[in-house]
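**Q** File follows, structure.txt with compact mmCIF, C-alpha atoms:
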```txt
# COMPACT_ATOMS: atom_id res chain seq x y z
CA MET A 70 -6.03 -174.89 49.00
CA ARG A 71 -6.12 -171.22 48.24
CA PHE A 72 -3.63 -169.00 46.44
CA LYS A 73 -2.46 -165.77 48.01
CA PRO A 74 -0.58 -163.67 45.47
CA LEU A 75 2.84 -162.44 46.53
CA LEU A 76 3.92 -158.84 46.13
CA LYS A 77 5.35 -158.20 42.70
CA HIS A 78 8.48 -156.51 44.05
CA PHE A 79 9.19 -159.57 46.17
CA THR A 80 9.04 -161.95 43.22
CA THR A 81 11.38 -159.69 41.27
CA LEU A 82 14.01 -159.79 44.03
CA ARG A 83 13.63 -163.42 45.02
CA LYS A 84 16.68 -165.69 44.63
CA TYR A 85 16.15 -168.97 42.84
CA THR A 86 18.30 -171.17 45.02
CA THR A 87 18.36 -174.91 44.55
CA THR A 88 20.75 -177.83 44.97
CA PRO A 89 23.02 -178.24 41.92
CA LEU A 90 21.88 -181.15 39.76
CA LEU A 91 24.07 -182.80 37.18
CA LYS A 92 22.59 -185.97 35.79
CA MET A 93 19.12 -185.82 34.23
CA ARG A 94 18.88 -186.96 30.59
CA LEU A 95 19.15 -183.29 29.60
CA PRO A 96 21.11 -180.53 31.35
CA TYR A 97 19.08 -178.62 33.93
CA ALA A 98 18.48 -174.98 33.15
CA PRO A 99 20.33 -172.46 35.35
CA SER A 100 18.59 -171.68 38.62
CA THR A 101 18.71 -167.97 37.75
CA PRO A 102 17.90 -166.45 34.34
CA GLN A 103 21.07 -166.14 32.28
CA THR A 104 19.65 -163.50 29.98
CA THR A 105 18.66 -159.86 29.92
CA ASP A 106 15.36 -160.80 28.28
CA PRO A 107 12.67 -159.39 30.62
CA GLU A 108 10.08 -161.97 29.55
CA THR A 109 12.30 -164.87 30.64
CA THR A 110 13.05 -163.11 33.92
CA GLU A 111 9.34 -162.69 34.58
CA ILE A 112 8.78 -166.38 33.91
CA TYR A 113 11.40 -167.25 36.52
CA ASN A 114 9.72 -164.79 38.89
CA ARG A 115 6.29 -166.36 38.43
CA ILE A 116 7.61 -169.85 39.04
CA ALA A 117 9.51 -168.69 42.13
CA ALA A 118 6.39 -166.97 43.44
CA ARG A 119 4.36 -170.17 43.20
CA ARG A 120 7.09 -172.24 44.86
CA HIS A 121 7.69 -169.77 47.71
CA PRO A 122 8.88 -170.36 50.39
CA ARG A 123 10.57 -173.37 48.77
CA PRO A 124 13.20 -172.91 46.06
CA ILE A 125 12.63 -173.78 42.43
CA ILE A 126 12.60 -177.58 42.14
CA PRO A 127 14.30 -179.94 39.65
CA LEU A 128 11.15 -180.27 37.55
CA ASP A 129 11.09 -176.49 37.10
CA LEU A 130 14.74 -176.53 36.04
CA ALA A 131 14.03 -179.26 33.52
CA LEU A 132 11.13 -177.31 32.02
CA LEU A 133 13.01 -174.00 32.06
CA ASN A 134 15.05 -175.27 29.13
CA SER A 135 11.96 -173.94 27.33
CA PRO A 136 10.80 -170.87 29.33
CA PRO A 137 7.46 -170.48 27.48
CA VAL A 138 6.57 -174.12 28.17
CA ALA A 139 7.64 -173.75 31.81
CA ASP A 140 5.43 -170.67 32.10
CA GLY A 141 2.33 -172.38 30.72
CA TRP A 142 3.00 -175.44 32.87
CA ASN A 143 3.35 -173.26 35.96
CA SER A 144 0.01 -171.58 35.29
CA PHE A 145 -1.88 -174.84 34.70
CA VAL A 146 -0.38 -176.80 37.58
CA GLY A 147 -0.68 -173.75 39.83
CA ALA A 148 -4.42 -173.60 39.17
CA ILE A 149 -4.81 -177.32 39.95
CA ARG A 150 -2.79 -177.03 43.14
CA THR A 151 -4.02 -173.76 44.58
CA ARG A 152 -7.39 -172.80 43.11
CA THR A 153 -9.46 -175.98 43.15
CA SER A 154 -12.33 -176.80 45.49
CA VAL A 155 -11.76 -180.58 45.76
CA ASP A 156 -10.73 -181.90 49.16
CA PRO A 157 -6.89 -181.61 49.16
CA GLY A 158 -6.34 -185.05 50.67
CA LEU A 159 -8.56 -186.69 48.06
CA LEU A 160 -6.80 -184.90 45.22
CA GLU A 161 -3.39 -185.95 46.57
CA LEU A 162 -4.70 -189.51 46.87
CA ALA A 163 -5.51 -189.44 43.15
CA VAL A 164 -2.09 -187.97 42.33
CA SER A 165 -0.40 -190.66 44.41
CA ARG A 166 -2.34 -193.34 42.53
CA VAL A 167 -1.17 -191.89 39.20
CA ALA A 168 2.41 -191.99 40.49
CA VAL A 169 2.04 -195.68 41.36
CA LEU A 170 0.51 -196.58 38.00
CA THR A 171 3.18 -194.72 36.01
CA SER A 172 6.15 -195.66 38.24
CA ALA A 173 6.83 -191.99 38.86
CA VAL A 174 8.99 -192.26 42.00
CA TYR A 175 9.61 -188.53 42.28
CA GLU A 176 5.88 -187.85 42.06
CA TRP A 177 5.03 -190.42 44.74
CA ASN A 178 7.73 -189.19 47.12
CA ALA A 179 6.50 -185.62 46.73
CA HIS A 180 2.72 -186.13 46.84
CA ALA A 181 2.12 -189.13 49.08
CA PRO A 182 3.24 -187.08 52.13
CA LEU A 183 0.81 -184.35 51.07
CA ALA A 184 -1.98 -186.94 51.01
CA LEU A 185 -1.14 -187.81 54.61
CA LYS A 186 -1.04 -184.14 55.56
CA GLY A 187 -4.42 -183.74 53.85
CA GLY A 188 -6.03 -186.29 56.17
CA ILE A 189 -5.54 -189.55 54.27
CA LYS A 190 -4.79 -192.37 56.71
CA ALA A 191 -1.63 -194.43 56.39
CA GLU A 192 -3.59 -197.61 55.69
CA GLU A 193 -5.56 -195.83 52.95
CA LEU A 194 -2.36 -194.61 51.31
CA GLN A 195 -0.93 -198.12 51.54
CA ALA A 196 -4.01 -199.44 49.74
CA VAL A 197 -3.51 -196.91 46.96
CA ARG A 198 0.08 -198.09 46.61
CA THR A 199 -0.60 -201.82 46.58
CA ILE A 200 -4.04 -202.54 45.09
CA PRO A 201 -3.77 -203.77 41.47
CA SER A 202 -5.07 -201.52 38.73
CA THR A 203 -8.81 -201.74 38.19
CA ALA A 204 -8.50 -200.52 34.60
CA ALA A 205 -9.28 -203.97 33.20
CA GLY A 206 -12.50 -204.11 35.21
CA ASP A 207 -11.46 -206.25 38.19
CA ALA A 208 -12.18 -204.15 41.28
CA ASP A 209 -12.50 -206.95 43.85
CA GLU A 210 -9.44 -205.97 45.87
CA LEU A 211 -10.43 -202.32 45.73
CA GLN A 212 -13.91 -203.14 47.03
CA LYS A 213 -12.45 -205.15 49.92
CA SER A 214 -9.98 -202.41 50.85
CA VAL A 215 -10.09 -199.91 53.71
CA LEU A 216 -10.84 -197.10 51.27
CA SER A 217 -14.14 -195.25 51.54
CA ASP A 218 -16.70 -195.35 48.74
CA LYS A 219 -15.63 -191.87 47.65
CA GLN A 220 -11.96 -192.85 47.60
CA ARG A 221 -12.70 -196.04 45.67
CA ALA A 222 -14.61 -194.09 43.04
CA VAL A 223 -11.69 -191.71 42.58
CA VAL A 224 -9.16 -194.55 42.40
CA ARG A 225 -11.19 -196.39 39.74
CA TYR A 226 -11.53 -193.17 37.76
CA ALA A 227 -7.78 -192.51 38.03
CA ASP A 228 -6.98 -196.07 36.99
CA GLU A 229 -9.07 -195.93 33.82
CA MET A 230 -7.94 -192.42 32.88
CA THR A 231 -4.30 -193.38 33.35
CA VAL A 232 -4.22 -196.88 31.86
CA ASN A 233 -7.10 -196.91 29.36
CA VAL A 234 -7.61 -193.18 28.74
CA LYS A 235 -11.25 -193.98 27.96
CA VAL A 236 -13.44 -194.14 31.08
CA ARG A 237 -16.38 -196.54 31.14
CA ASP A 238 -19.84 -195.11 31.76
CA GLU A 239 -20.18 -197.31 34.84
CA THR A 240 -17.01 -195.86 36.35
CA PHE A 241 -18.07 -192.31 35.62
CA GLU A 242 -21.48 -192.90 37.18
CA LEU A 243 -19.83 -194.33 40.30
CA LEU A 244 -17.88 -191.08 40.59
CA ARG A 245 -21.01 -188.96 40.09
CA ALA A 246 -22.87 -191.02 42.69
CA GLN A 247 -20.52 -189.73 45.36
CA GLY A 248 -22.10 -186.30 45.19
CA PHE A 249 -19.30 -184.40 43.47
CA SER A 250 -20.41 -181.17 41.83
CA ASP A 251 -19.77 -180.52 38.14
CA ARG A 252 -16.88 -178.28 39.13
CA GLU A 253 -15.38 -180.97 41.35
CA VAL A 254 -15.68 -183.59 38.60
CA VAL A 255 -13.81 -181.28 36.22
CA GLU A 256 -11.17 -180.60 38.87
CA ILE A 257 -10.70 -184.30 39.68
CA THR A 258 -10.46 -185.07 35.96
CA THR A 259 -7.98 -182.30 35.19
CA GLY A 260 -6.00 -183.08 38.33
CA ILE A 261 -5.56 -186.71 37.28
CA ALA A 262 -4.77 -185.66 33.71
CA CYS A 263 -2.32 -183.03 34.91
CA TYR A 264 -0.32 -185.46 37.01
CA ASN A 265 -0.31 -188.03 34.23
CA CYS A 266 1.42 -185.31 32.23
CA VAL A 267 3.78 -184.59 35.12
CA SER A 268 4.71 -188.24 35.60
CA ARG A 269 5.43 -188.74 31.92
CA VAL A 270 7.85 -185.81 31.87
CA LEU A 271 9.49 -186.92 35.12
CA VAL A 272 10.03 -190.48 33.93
CA ALA A 273 10.93 -189.74 30.29
CA LEU A 274 13.61 -187.21 31.25
CA ASP A 275 14.54 -188.94 34.56
CA VAL A 276 14.07 -185.70 36.47
CA ASN A 277 15.91 -185.77 39.81
CA GLU A 278 17.42 -189.11 38.78
CA CYS A 279 14.67 -191.23 40.38
CA ASN A 280 14.18 -193.84 37.65
CA GLY A 281 14.96 -197.31 38.94
CA THR A 282 14.84 -196.29 42.59
CA GLU A 283 12.26 -197.43 45.13
CA MET A 284 9.32 -195.30 46.17
CA LYS A 285 9.41 -194.41 49.83
CA SER A 286 7.33 -196.72 51.96
CA VAL A 287 4.25 -195.40 53.71
CA GLU A 288 6.00 -196.12 57.01
CA GLU A 289 8.92 -193.92 55.97
CA LEU A 290 6.57 -191.14 54.92
CA VAL A 291 4.66 -191.27 58.19
CA GLU A 292 7.90 -191.18 60.16
CA SER A 293 9.18 -188.21 58.16
CA LEU A 294 6.10 -186.19 59.12
CA LYS A 295 6.55 -186.64 62.86
```
Would it be possible to restate this file's structure as structure tokens?

**A**
Amino acid sequence: MRFKPLLKHFTTLRKYTTTPLLKMRLPYAPSTPQTTDPETTEIYNRIAARRHPRPIIPLDLALLNSPPVADGWNSFVGAIRTRTSVDPGLLELAVSRVAVLTSAVYEWNAHAPLALKGGIKAEELQAVRTIPSTAAGDADELQKSVLSDKQRAVVRYADEMTVNVKVRDETFELLRAQGFSDREVVEITTGIACYNCVSRVLVALDVNECNGTEMKSVEELVESLK
């Protein structure tokens, strides 16, 4: 994943089209800046530049109720998504696991397909969806799963970060034993933390009205990518 900056004049002219949304627990912000304030306009431009060629998404419109917060969020998440050195499939696997643990349907439906695109096999993604949390220390089902040693280490790390917050030394050493560099460990950690933050906003505000709905099955996701 690498970021290629867009031309400034393009981001200034870009339209922020999106499907009208009416329900979230708060009103969505307008899809275009309703102000002459140049700082707010630039924030919209930066978010649109990162989303290009897609339109601004419902999560952006939720956050744009507070443009400064949306701007900081965009910078942080943009760095995680486009400037990290961790294998993209492995990172998306961790994000998908966070979505499962936090019941963040929107997050799963968005990131599980990216895990598949990143080289994660359907049976591996299914394991991430169905294996019970290892946060309490029981990793028997994880150890018997189709996941690789590297994937298991990341799943255990994600489980403890998400459920316990505190990560046991044993779990951290299992992660280190997989040969990740210091930079990669920081990126895995911040990636998991980042998407814990994302899921909590999505679920608390019911962004895109996904609360109470079913996550797409792995079979559905595979079919959608054909």

**Q** Quick one, how far is atom CA of A:His180 from atom CA of A:Ser165?

**A** 6.0 Å

**Q** Pick out the closest residue to A:Glu256 from this set: A:Ile125, A:Val236, A:Val287, A:Ala163. Count all atoms listed in the file.

**A**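 Smallest distance to A:Glu256 is found for A:Ala163.
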
**Q** What is the distance, in Å and to one decimal place, between atom CA of A:Leu274 and atom CA of A:Ala131?

**A** 8.3 Å

**Q** Might you pull out every residue within 7 Å of stretch 155-159 of chain A, with all atoms listed in the file counted and same-chain residues fewer than 4 positions away left off, and present them as a ChimeraX atom specification?

**A** /A:70,163,184,187-189,253,256

**Q** Please identify all polymer residues lying at most 12 Å from the point (-8.1, -173.7, 45.4) (file coordinates), using all atoms listed in the file, and present the result as a list in words.

**A**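 Here the neighbourhood of the point contains Met70, Arg71, Phe72, Lys73, Val146, Gly147, Ala148, Ile149, Arg150, Thr151, Arg152, Thr153, Ser154, Val155, Asp156, Pro157, Leu160, Arg252, Glu253, Glu256 and Gly260 of chain A.
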
**Q** Which of these, A:Ser144, A:Thr110, A:Thr199, A:Asn134, has the shortest distance to A:Ala98 once you count all atoms listed in the file?

**A**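 Counting all atoms listed in the file, the residue closest to A:Ala98 is A:Asn134.
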
**Q** Rounded to one decimal in Å, what is the spacing between atom CA of A:Thr203 and atom CA of A:Glu229?

**A**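 Interatomic distance, atom CA of A:Thr203 to atom CA of A:Glu229: 7.3 Å.
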
**Q** Pick from A:Arg269, A:Arg237, A:Lys295, A:Lys213: nearest to A:Ala173, with all atoms listed in the file counted?

**A**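 Answer, going by the shortest atom-to-atom distance: A:Arg269.
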
**Q** Could you pull the residues within 9 Å of A:Trp177, counting only C-alpha atoms, minus those fewer than 6 positions along the same chain, as an MDAnalysis selection string?

**A** chainID A and resid 164:169 284:285

**Q** Select, counting all atoms listed in the file, all protein, DNA and RNA residues no farther than 12 Å from (3.4, -195.8, 36.5) in file coordinates, and express the selection as number ranges by chain.

**A** A: 164-177, 198, 201-202, 227-228, 231-232, 264-273, 280-281, 284

**Q** Restricting the calculation to only C-alpha atoms, which member of A:Asn178, A:Leu128, A:Pro122, A:Tyr113 is positioned closest to A:Glu283?

**A**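 Of A:Asn178, A:Leu128, A:Pro122, A:Tyr113, the one nearest A:Glu283, counting only C-alpha atoms, is A:Asn178.
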
**Q** Please determine an axis-aligned box that encloses all atoms of stretch 150-159 of chain A listed in the file, with 4 Å added on each side, and express its centre and edge lengths in Å to one decimal as lines of an AutoDock Vina configuration file.

**A**
```
center_x = -7.6
center_y = -179.7
center_z = 46.9
size_x = 17.5
size_y = 21.9
size_z = 15.6
```
